[in-house]
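Below is one structure, written out as structure tokens; the observations come after it.
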Amino acid sequence: MHAVVFAYHDVGVNCLKALLGAGIQIDLVVTHQDDPNENVWFGSVAKLCEEKKIPYITPNANQLMDLVPQIQKLAPDYLFSFYYRHMIPAELLACAKIAALNMHGSLLPKYRGRAPVNWAILHGETETGATLHIMEVKPDAGDIVGQSAVSIGPNETATEVFGKVSQAAVAVMNQVLPELVQGQIPRKPNNLAEGSYFGGRKPADGQILWHQTAQQVHNLVRAVAPPYPGAFTDWQGQRMIVARTSLEGPFPGQLDLQASGIQVVDNQVFGVCGDQRAVAILDWFPANS
């Protein structure tokens, strides 16, 4: 079996290794150049390709259509997408003789679209996972090929959960590769009515709104904790990144639960929220540090 793989991030690295372990011949990898303005804290697909002597390229989004003749000539059995960041045009998907498959970081049909792990934590989910599905022009809408679930602990950050999802992606690959290698694709319907689509997130979306509930604030902090841009609030004229919070008391009796926002009691920092509950701020630092 031959494949062309679009890949990035830890999921890209781990799933590429799973394909190689199953004996699939990878004829080309399409990945991204690391953004110098981004905090790159994850594994490098390009480095893995160099180690394994796999040819790779790093086109930008508007160069993808130019790849059609090259990939048609390769005539891969499969086209895989593992956390590749650009939309792959239908003309490229059609180059796969058997199927084009994408790994998504949620339990589809829930949390389709961008930043699925972050959105799941933001909404207080206790479970997410990884899903391999048939790629269609509409994102995350094709039939489900395989899934693996992971738990989300009440204090786990997006990075911690993403590590679990990355391992779940490998579990999914190992689950379905025996059939894929035979040219067979297990599939079940992806019932879109049972989930929702979410867009990308910007650093500005990390602003803490103290009128929200303590649980909502705690979930936001976890969802965007560094190395993501971080939840933030302004205090004494300075923007502060709130990196870690706790909902577990006991909280000091001197807290004024009627006054939402930052309060400092006995050299400890707390955030009083709109439901007259507090979060303890365990780690925070100036945004420009």
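Residue names in the structure tokens use chain letters A, B, ... in the order shown, residue numbers from 1 in each chain, and ligand numbers from 1 in the order shown.
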
Would you give me, as a compact mmCIF listing (two decimals) with N, CA, C and O atoms, in the first residue's frame, the residues in segment 47-124 of chain A that DSSP reads as strand (DSSP E or B)?
# COMPACT_ATOMS: atom_id res chain seq x y z
N TYR A 56 9.67 15.21 1.57
CA TYR A 56 8.62 16.08 2.11
C TYR A 56 8.72 17.46 1.50
O TYR A 56 9.78 17.90 1.05
N ILE A 57 7.59 18.16 1.49
CA ILE A 57 7.50 19.52 0.98
C ILE A 57 6.68 20.36 1.94
O ILE A 57 5.92 19.82 2.76
N TYR A 78 -3.86 5.56 -0.51
CA TYR A 78 -4.49 6.39 0.52
C TYR A 78 -3.86 7.77 0.55
O TYR A 78 -2.67 7.94 0.29
N LEU A 79 -4.69 8.73 0.90
CA LEU A 79 -4.21 10.05 1.28
C LEU A 79 -4.63 10.25 2.74
O LEU A 79 -5.81 10.08 3.07
N PHE A 80 -3.66 10.54 3.60
CA PHE A 80 -3.95 10.76 5.02
C PHE A 80 -3.69 12.21 5.39
O PHE A 80 -2.75 12.84 4.89
N SER A 81 -4.51 12.72 6.30
CA SER A 81 -4.28 14.04 6.89
C SER A 81 -4.26 13.91 8.41
O SER A 81 -5.24 13.48 9.02
N PHE A 82 -3.10 14.23 8.99
CA PHE A 82 -2.91 14.14 10.44
C PHE A 82 -2.56 15.52 11.00
O PHE A 82 -1.40 15.92 10.99
N ALA A 99 -9.07 5.70 -0.56
CA ALA A 99 -9.78 6.69 0.29
C ALA A 99 -8.81 7.77 0.76
O ALA A 99 -7.60 7.55 0.85
N ALA A 100 -9.39 8.91 1.08
CA ALA A 100 -8.67 9.99 1.77
C ALA A 100 -9.20 10.04 3.20
O ALA A 100 -10.42 10.14 3.41
N LEU A 101 -8.30 9.95 4.19
CA LEU A 101 -8.69 9.81 5.59
C LEU A 101 -8.04 10.89 6.44
O LEU A 101 -6.86 11.20 6.28
N ASN A 102 -8.81 11.43 7.38
CA ASN A 102 -8.33 12.49 8.27
C ASN A 102 -8.47 12.07 9.73
O ASN A 102 -9.47 11.46 10.11
N MET A 103 -7.47 12.44 10.54
CA MET A 103 -7.54 12.21 11.99
C MET A 103 -7.96 13.52 12.66
O MET A 103 -7.31 14.55 12.49
N HIS A 104 -9.05 13.46 13.42
CA HIS A 104 -9.58 14.65 14.09
C HIS A 104 -9.54 14.44 15.60
O HIS A 104 -9.82 13.34 16.09
N ARG A 112 -16.58 19.33 15.84
CA ARG A 112 -16.02 19.44 14.49
C ARG A 112 -15.37 20.81 14.36
O ARG A 112 -15.70 21.74 15.07
N GLY A 113 -14.42 20.91 13.44
CA GLY A 113 -13.80 22.20 13.19
C GLY A 113 -12.48 22.38 13.91
O GLY A 113 -11.74 21.43 14.16

Step one, run DSSP on the backbone; step two, keep only residues of segment 180-269 of chain A assigned to alpha helix (DSSP H); then write them as an NGL selection string.
:A and (180-181 or 214-224)

Quick one: write out the picked residues with N, CA, C and O atoms as a PDB file, in the first residue's frame?
ATOM      1  N   LEU A 180      -7.065  -1.517   6.722  1.00  0.00           N
ATOM      2  CA  LEU A 180      -6.652  -0.580   5.668  1.00  0.00           C
ATOM      3  C   LEU A 180      -5.587  -1.214   4.775  1.00  0.00           C
ATOM      4  O   LEU A 180      -5.597  -1.012   3.552  1.00  0.00           O
ATOM      5  N   VAL A 181      -4.669  -1.945   5.374  1.00  0.00           N
ATOM      6  CA  VAL A 181      -3.606  -2.587   4.600  1.00  0.00           C
ATOM      7  C   VAL A 181      -4.194  -3.604   3.614  1.00  0.00           C
ATOM      8  O   VAL A 181      -3.632  -3.855   2.544  1.00  0.00           O
ATOM      9  N   ALA A 214     -17.489  30.443  38.474  1.00  0.00           N
ATOM     10  CA  ALA A 214     -16.142  29.981  38.813  1.00  0.00           C
ATOM     11  C   ALA A 214     -15.743  28.799  37.943  1.00  0.00           C
ATOM     12  O   ALA A 214     -14.590  28.690  37.507  1.00  0.00           O
ATOM     13  N   GLN A 215     -16.682  27.919  37.682  1.00  0.00           N
ATOM     14  CA  GLN A 215     -16.379  26.759  36.832  1.00  0.00           C
ATOM     15  C   GLN A 215     -16.022  27.202  35.418  1.00  0.00           C
ATOM     16  O   GLN A 215     -15.077  26.670  34.804  1.00  0.00           O
ATOM     17  N   GLN A 216     -16.741  28.167  34.876  1.00  0.00           N
ATOM     18  CA  GLN A 216     -16.445  28.660  33.530  1.00  0.00           C
ATOM     19  C   GLN A 216     -15.056  29.292  33.467  1.00  0.00           C
ATOM     20  O   GLN A 216     -14.305  29.096  32.511  1.00  0.00           O
ATOM     21  N   VAL A 217     -14.708  30.069  34.494  1.00  0.00           N
ATOM     22  CA  VAL A 217     -13.389  30.711  34.526  1.00  0.00           C
ATOM     23  C   VAL A 217     -12.292  29.648  34.615  1.00  0.00           C
ATOM     24  O   VAL A 217     -11.283  29.698  33.895  1.00  0.00           O
ATOM     25  N   HIS A 218     -12.487  28.677  35.492  1.00  0.00           N
ATOM     26  CA  HIS A 218     -11.510  27.598  35.656  1.00  0.00           C
ATOM     27  C   HIS A 218     -11.334  26.822  34.343  1.00  0.00           C
ATOM     28  O   HIS A 218     -10.205  26.501  33.943  1.00  0.00           O
ATOM     29  N   ASN A 219     -12.432  26.562  33.646  1.00  0.00           N
ATOM     30  CA  ASN A 219     -12.359  25.844  32.370  1.00  0.00           C
ATOM     31  C   ASN A 219     -11.616  26.657  31.314  1.00  0.00           C
ATOM     32  O   ASN A 219     -10.845  26.096  30.524  1.00  0.00           O
ATOM     33  N   LEU A 220     -11.846  27.958  31.276  1.00  0.00           N
ATOM     34  CA  LEU A 220     -11.128  28.807  30.327  1.00  0.00           C
ATOM     35  C   LEU A 220      -9.629  28.768  30.598  1.00  0.00           C
ATOM     36  O   LEU A 220      -8.819  28.623  29.669  1.00  0.00           O
ATOM     37  N   VAL A 221      -9.245  28.899  31.860  1.00  0.00           N
ATOM     38  CA  VAL A 221      -7.826  28.879  32.215  1.00  0.00           C
ATOM     39  C   VAL A 221      -7.183  27.572  31.753  1.00  0.00           C
ATOM     40  O   VAL A 221      -6.100  27.559  31.148  1.00  0.00           O
ATOM     41  N   ARG A 222      -7.863  26.456  31.991  1.00  0.00           N
ATOM     42  CA  ARG A 222      -7.331  25.147  31.579  1.00  0.00           C
ATOM     43  C   ARG A 222      -7.253  25.022  30.056  1.00  0.00           C
ATOM     44  O   ARG A 222      -6.313  24.440  29.507  1.00  0.00           O
ATOM     45  N   ALA A 223      -8.261  25.585  29.387  1.00  0.00           N
ATOM     46  CA  ALA A 223      -8.380  25.413  27.936  1.00  0.00           C
ATOM     47  C   ALA A 223      -7.296  26.146  27.163  1.00  0.00           C
ATOM     48  O   ALA A 223      -6.932  25.725  26.056  1.00  0.00           O
ATOM     49  N   VAL A 224      -6.787  27.240  27.728  1.00  0.00           N
ATOM     50  CA  VAL A 224      -5.807  28.051  26.978  1.00  0.00           C
ATOM     51  C   VAL A 224      -4.506  28.243  27.750  1.00  0.00           C
ATOM     52  O   VAL A 224      -3.706  29.117  27.420  1.00  0.00           O
TER      53      VAL A 224
END

Pick the closest to Glu50 of chain A from A:Leu28, A:Gln182, A:Ile71, A:Lys202: which is it, counting only C-alpha atoms?
A:Leu28

Near segment 85-96 of chain A, counting only C-alpha atoms, which residues have an atom at most 12 Å away, once you skip same-chain residues fewer than 3 positions from it, shown as a PyMOL selection string?
chain A and resi 1-9+12+30-34+58-82+99-104+113-115+134-140+183+200

Taking 5 positions as the minimum chain separation for residues in the same chain, which residues sit within 12 Å of Ala259 of chain A when counting only C-alpha atoms? Answer as an NGL selection string.
:A and (210-211 or 254 or 270-278)

Mind checking which residues fall within 9 Å of Glu194 of chain A, counting only C-alpha atoms, ignoring those fewer than 3 positions away in the same chain, and posting them as a list in words?
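Here the qualifying residues turn out to be Leu108, Pro109, Lys110, Asn190 and Asn191 of chain A.
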
So, with only C-alpha atoms as the atoms that count, which of A:Asn174, A:Gln184, A:Asn155, A:Gln263 lies closest to Trp235 of chain A?
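Using only C-alpha atoms, Trp235 of chain A sits closest to A:Gln263.
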
Quick one: residues within 10 Å of Leu177 of chain A, only C-alpha atoms, excluding same-chain residues fewer than 4 positions away - as an NGL selection string?
:A and (18-19 or 21-24 or 146 or 172-173 or 181-185)

Can you tell me which residues surround Gly105 of chain A at a distance of at most 12 Å, considering only C-alpha atoms, apart from same-chain residues fewer than 4 positions away, and format the answer as a PyMOL selection string?
chain A and resi 9-12+81-84+109-120+127-133+140+147-150+158+161-170+172
